[in-house]
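A quick write-up on the structure given underneath.
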Amino acid sequence: MILMDKNKLQQDLKRNNDTPLTIHYWMTRMEIFIGSLHSLYSIGLFLLFIGIFYKIDDIFSFNTPIVNLVDILTQSIFSFIIFTLILALIAVFIGMIILHIKYRHYEVASDQHYIYISKRSTNEQYLTIPRSALQCITIEKPITQRPFQLVTIKLDYVTATYTSEEIQTALLIPFIQEQRGKQLIEEIQPDYCIQEPSLSLAGEAYFVELIQPSYLLVIVTFLIMFFWPELWFVPILYALYLIVKRVVKTRQQYYNWSANVIAIRSGAFSPTLHLVKREHITMLQIHQSWIQRKVKLATCQLTIRNNSVQLNHVNESVIEQLYDWFVQQEMK
């Protein structure tokens with residue numbers, strides 16, 4: 001793999017100041033290989049499609065080459081395993097080629113005042129973000145990346161328009177090992193010292209989350225029972241999915257804050273970690289429903305200009321501490 005020469009990058013990204021440029025990250029062959037493993041999910045979808053098509057053929061008796069091929073491959077377990085392995089190798093190889101073309105020259109650098117993101121593939125792209133414009137750092141862990149311990153890192157920053165200022169989101173690193181990604185954030189932006197969220201929600205939060213009504217479940221149940229009663233199991237499966245999702249969502253929510261930075265992790269199957277400096281929080285809103293009030297919980301919404309991060313079903317005592325923490329910056 002050919003990487004961009006660091007000296008050349010320094011010359012290309014040199015600005016009108018003489019501060020030294022530090023190269024923090026460039027895509028390696030190992031990361032491209034690990035990223036290409038996402039292609040294995042397409043194999044599962046392909047095999048599922050083949051299985052569905054094969055079942056439909058049992059009903060309508062299509063005589064197609066696909067059905068004949070499936071008949072041959074399913075004659076023995078050995079032939080099916082060989083076929084699956086060949087598909088997996090082809091998918092990973094194609095994925096590596098695509099990622100190599102797309103990210104082979106992807107690099108992140110910074111100096112005293114700016115963060116530079118350069119991407120040289122078929123189209124050259126350069127992005128310069130002032131450190132002072134940075135509002136929030138987001139670490140996403142999509143469900144497809146969780147088995148490989150990969151995360152995606154994004155930056156929210158302020159851009160000025162003719163009439164107002166807006167929040168833009170930039171992709172800092174497409175995919176990287178989680179621990180290495182957190183180390184890079186501390187290298188690039190030391191004042192966003194990552195303190196892993198360690199405070200979880202109380203047991204009452206599960207109760208409040210689980211009793212929330214689902215109008216979609218009611219509609220689905222009505223339509224199934226009225227038009228297709230033989231599919232009675234579908235609403236049950238969907239209800240079980242909702243229960244699992246809400247339990248996982250509540251269990252996944254963690255939070256913590258230091259003197260200047262708050263960290264909130266939320267989400268169900270694809271958790272997201274938000275890192276926000278106290279000085280960038282423009283408004284703190286506290287909501288409390290009737291049920292939350294009975295169990296002494298509340299919801300806190302942190303507004304960062306036109307974006308927001310929400311902390312659901314937190315103890316009232318924690319809300320009071322968070323409010324005092326937020327007011328401290330207003331008193332400075």
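Residue names in the structure tokens use chain letters A, B, ... in the order shown, residue numbers from 1 in each chain, and ligand numbers from 1 in the order shown.
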For this session: Check stretch 136-184 of chain A with DSSP on the backbone and list each residue it calls strand (DSSP E or B), as a ChimeraX atom specification.
Result: /A:136-140,150-160,165-177
I need the chosen residues saved as a PDB file, in the first residue's frame, with N, CA and C atoms.
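What follows is the written file selection_21.pdb:
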```
ATOM      1  N   CYS A 136     -18.278  19.479  19.750  1.00  0.00           N
ATOM      2  CA  CYS A 136     -18.597  18.161  20.303  1.00  0.00           C
ATOM      3  C   CYS A 136     -17.811  17.097  19.540  1.00  0.00           C
ATOM      4  N   ILE A 137     -17.378  16.067  20.261  1.00  0.00           N
ATOM      5  CA  ILE A 137     -16.732  14.907  19.649  1.00  0.00           C
ATOM      6  C   ILE A 137     -17.641  13.704  19.861  1.00  0.00           C
ATOM      7  N   THR A 138     -17.916  12.985  18.777  1.00  0.00           N
ATOM      8  CA  THR A 138     -18.828  11.847  18.827  1.00  0.00           C
ATOM      9  C   THR A 138     -18.088  10.581  18.420  1.00  0.00           C
ATOM     10  N   ILE A 139     -18.215   9.550  19.242  1.00  0.00           N
ATOM     11  CA  ILE A 139     -17.628   8.237  18.939  1.00  0.00           C
ATOM     12  C   ILE A 139     -18.779   7.259  18.753  1.00  0.00           C
ATOM     13  N   GLU A 140     -18.971   6.825  17.521  1.00  0.00           N
ATOM     14  CA  GLU A 140     -20.063   5.914  17.201  1.00  0.00           C
ATOM     15  C   GLU A 140     -19.543   4.484  17.064  1.00  0.00           C
ATOM     16  N   LEU A 150     -14.516  -1.769  16.345  1.00  0.00           N
ATOM     17  CA  LEU A 150     -14.214  -0.583  15.561  1.00  0.00           C
ATOM     18  C   LEU A 150     -15.203   0.520  15.895  1.00  0.00           C
ATOM     19  N   VAL A 151     -14.740   1.750  15.814  1.00  0.00           N
ATOM     20  CA  VAL A 151     -15.602   2.908  16.046  1.00  0.00           C
ATOM     21  C   VAL A 151     -15.394   3.917  14.925  1.00  0.00           C
ATOM     22  N   THR A 152     -16.362   4.806  14.788  1.00  0.00           N
ATOM     23  CA  THR A 152     -16.281   5.933  13.858  1.00  0.00           C
ATOM     24  C   THR A 152     -16.277   7.216  14.678  1.00  0.00           C
ATOM     25  N   ILE A 153     -15.343   8.107  14.376  1.00  0.00           N
ATOM     26  CA  ILE A 153     -15.192   9.344  15.147  1.00  0.00           C
ATOM     27  C   ILE A 153     -15.587  10.539  14.283  1.00  0.00           C
ATOM     28  N   LYS A 154     -16.453  11.396  14.827  1.00  0.00           N
ATOM     29  CA  LYS A 154     -16.921  12.582  14.119  1.00  0.00           C
ATOM     30  C   LYS A 154     -16.725  13.824  14.979  1.00  0.00           C
ATOM     31  N   LEU A 155     -16.610  14.961  14.313  1.00  0.00           N
ATOM     32  CA  LEU A 155     -16.450  16.243  14.982  1.00  0.00           C
ATOM     33  C   LEU A 155     -17.605  17.159  14.602  1.00  0.00           C
ATOM     34  N   ASP A 156     -18.198  17.808  15.590  1.00  0.00           N
ATOM     35  CA  ASP A 156     -19.175  18.869  15.351  1.00  0.00           C
ATOM     36  C   ASP A 156     -18.482  20.202  15.571  1.00  0.00           C
ATOM     37  N   TYR A 157     -18.579  21.081  14.588  1.00  0.00           N
ATOM     38  CA  TYR A 157     -17.896  22.363  14.681  1.00  0.00           C
ATOM     39  C   TYR A 157     -18.784  23.474  14.119  1.00  0.00           C
ATOM     40  N   VAL A 158     -18.448  24.702  14.461  1.00  0.00           N
ATOM     41  CA  VAL A 158     -19.254  25.857  14.072  1.00  0.00           C
ATOM     42  C   VAL A 158     -18.718  26.442  12.771  1.00  0.00           C
ATOM     43  N   THR A 159     -19.634  26.718  11.856  1.00  0.00           N
ATOM     44  CA  THR A 159     -19.283  27.435  10.629  1.00  0.00           C
ATOM     45  C   THR A 159     -20.153  28.686  10.542  1.00  0.00           C
ATOM     46  N   ALA A 160     -19.579  29.738  10.061  1.00  0.00           N
ATOM     47  CA  ALA A 160     -20.294  31.015   9.965  1.00  0.00           C
ATOM     48  C   ALA A 160     -20.885  31.175   8.571  1.00  0.00           C
ATOM     49  N   GLU A 165     -24.642  31.360  12.561  1.00  0.00           N
ATOM     50  CA  GLU A 165     -23.659  30.304  12.702  1.00  0.00           C
ATOM     51  C   GLU A 165     -24.371  28.961  12.784  1.00  0.00           C
ATOM     52  N   GLU A 166     -23.806  27.968  12.104  1.00  0.00           N
ATOM     53  CA  GLU A 166     -24.423  26.647  12.059  1.00  0.00           C
ATOM     54  C   GLU A 166     -23.425  25.588  12.512  1.00  0.00           C
ATOM     55  N   ILE A 167     -23.979  24.453  12.974  1.00  0.00           N
ATOM     56  CA  ILE A 167     -23.159  23.313  13.370  1.00  0.00           C
ATOM     57  C   ILE A 167     -23.014  22.371  12.180  1.00  0.00           C
ATOM     58  N   GLN A 168     -21.783  22.049  11.838  1.00  0.00           N
ATOM     59  CA  GLN A 168     -21.487  21.081  10.787  1.00  0.00           C
ATOM     60  C   GLN A 168     -20.823  19.856  11.417  1.00  0.00           C
ATOM     61  N   THR A 169     -20.995  18.718  10.769  1.00  0.00           N
ATOM     62  CA  THR A 169     -20.390  17.469  11.245  1.00  0.00           C
ATOM     63  C   THR A 169     -19.364  16.996  10.236  1.00  0.00           C
ATOM     64  N   ALA A 170     -18.166  16.689  10.716  1.00  0.00           N
ATOM     65  CA  ALA A 170     -17.089  16.205   9.855  1.00  0.00           C
ATOM     66  C   ALA A 170     -16.655  14.825  10.316  1.00  0.00           C
ATOM     67  N   LEU A 171     -16.365  13.971   9.363  1.00  0.00           N
ATOM     68  CA  LEU A 171     -15.848  12.642   9.662  1.00  0.00           C
ATOM     69  C   LEU A 171     -14.359  12.764   9.950  1.00  0.00           C
ATOM     70  N   LEU A 172     -13.968  12.464  11.176  1.00  0.00           N
ATOM     71  CA  LEU A 172     -12.553  12.527  11.537  1.00  0.00           C
ATOM     72  C   LEU A 172     -11.830  11.242  11.157  1.00  0.00           C
ATOM     73  N   ILE A 173     -12.363  10.095  11.604  1.00  0.00           N
ATOM     74  CA  ILE A 173     -11.767   8.802  11.279  1.00  0.00           C
ATOM     75  C   ILE A 173     -12.905   7.845  10.924  1.00  0.00           C
ATOM     76  N   PRO A 174     -12.888   7.250   9.724  1.00  0.00           N
ATOM     77  CA  PRO A 174     -13.997   6.378   9.290  1.00  0.00           C
ATOM     78  C   PRO A 174     -14.163   5.151  10.171  1.00  0.00           C
ATOM     79  N   PHE A 175     -13.077   4.458  10.470  1.00  0.00           N
ATOM     80  CA  PHE A 175     -13.122   3.302  11.359  1.00  0.00           C
ATOM     81  C   PHE A 175     -11.731   3.072  11.936  1.00  0.00           C
ATOM     82  N   ILE A 176     -11.718   2.746  13.219  1.00  0.00           N
ATOM     83  CA  ILE A 176     -10.454   2.565  13.924  1.00  0.00           C
ATOM     84  C   ILE A 176     -10.735   1.749  15.175  1.00  0.00           C
ATOM     85  N   GLN A 177      -9.726   1.019  15.657  1.00  0.00           N
ATOM     86  CA  GLN A 177      -9.885   0.303  16.916  1.00  0.00           C
ATOM     87  C   GLN A 177     -10.261   1.283  18.026  1.00  0.00           C
TER      88      GLN A 177
END
```
Exercise. What are the DSSP helix (DSSP H, G or I) residues of stretch 167-283 of chain A, as a count of residues only?
Worked result: 58
Could you give me, as a Markdown table, every stretch 184-256 of chain A residue with an atom at most 8 Å from stretch 301-313 of chain A, plus its closest atom pair and distance in Å to one decimal, counting only C-alpha atoms, rows ordered by chain then number?
```
| residue | atom | partner | partner_atom | distance |
| --- | --- | --- | --- | --- |
| A:Leu201 | CA | A:His313 | CA | 7.1 |
| A:Ala205 | CA | A:His313 | CA | 5.3 |
| A:Val208 | CA | A:His313 | CA | 7.5 |
```
Produce a file of the selected residues containing N, CA and C atoms, as a CSV table (one decimal), in the first residue's frame.
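The resulting file, selection.csv, is reproduced below:
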```csv
chain,number,residue,atom,x,y,z
A,201,LEU,N,-27.8,4.1,35.2
A,201,LEU,CA,-29.1,4.5,35.6
A,201,LEU,C,-29.6,3.6,36.7
A,205,ALA,N,-35.3,3.3,36.2
A,205,ALA,CA,-35.3,3.7,34.8
A,205,ALA,C,-35.8,2.6,33.9
A,208,VAL,N,-39.6,2.8,33.9
A,208,VAL,CA,-40.2,4.0,33.2
A,208,VAL,C,-40.0,3.7,31.7
```
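Each of A:Thr22, A:Ser198, A:Gln321, A:Ser214 was checked against A:Arg265 using only C-alpha atoms; the smallest atom-to-atom distance is that of A:Ser198.
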Exercise. Which polymer residues have any atom within 6 Å of an atom of stretch 23-27 of chain A, counting only C-alpha atoms, with same-chain residues fewer than 2 positions away left out, as a ChimeraX atom specification?
Worked result: /A:106-109
Convert the current residue selection to file output with C-alpha atoms, as a compact mmCIF listing (two decimals), in the first residue's frame.
```
# COMPACT_ATOMS: atom_id res chain seq x y z
CA TYR A 106 -6.70 9.42 4.35
CA GLU A 107 -4.73 11.38 6.95
CA VAL A 108 -5.39 13.58 9.97
CA ALA A 109 -2.97 16.29 11.08
```
For this session: Counting only C-alpha atoms, figure out which residue out of A:Arg146, A:Arg293, A:Arg29, A:Arg131 gets nearest to A:Leu99.
Result: A:Arg29
For this session: Using only C-alpha atoms, determine which residues lie at most 8 Å from A:Tyr126, disregarding the query and same-chain residues fewer than 6 positions distant; provide the list as a PyMOL selection string.
Result: chain A and resi 116-119
Just C-alpha atoms for this one: save the residues we selected as an mmCIF file, in the first residue's frame.
```
data_model
loop_
_atom_site.group_PDB
_atom_site.id
_atom_site.type_symbol
_atom_site.label_atom_id
_atom_site.label_comp_id
_atom_site.auth_asym_id
_atom_site.auth_seq_id
_atom_site.Cartn_x
_atom_site.Cartn_y
_atom_site.Cartn_z
ATOM 1 C CA TYR A 116 -6.567 19.149 9.031
ATOM 2 C CA ILE A 117 -8.356 16.232 7.368
ATOM 3 C CA SER A 118 -7.144 15.216 3.907
ATOM 4 C CA LYS A 119 -8.543 12.544 1.631
#
```
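Distance annotation: of A:Pro235, A:Trp325, A:Val244, A:Leu127, the residue with the minimal separation from A:Phe222 is A:Pro235; atom set is only C-alpha atoms.
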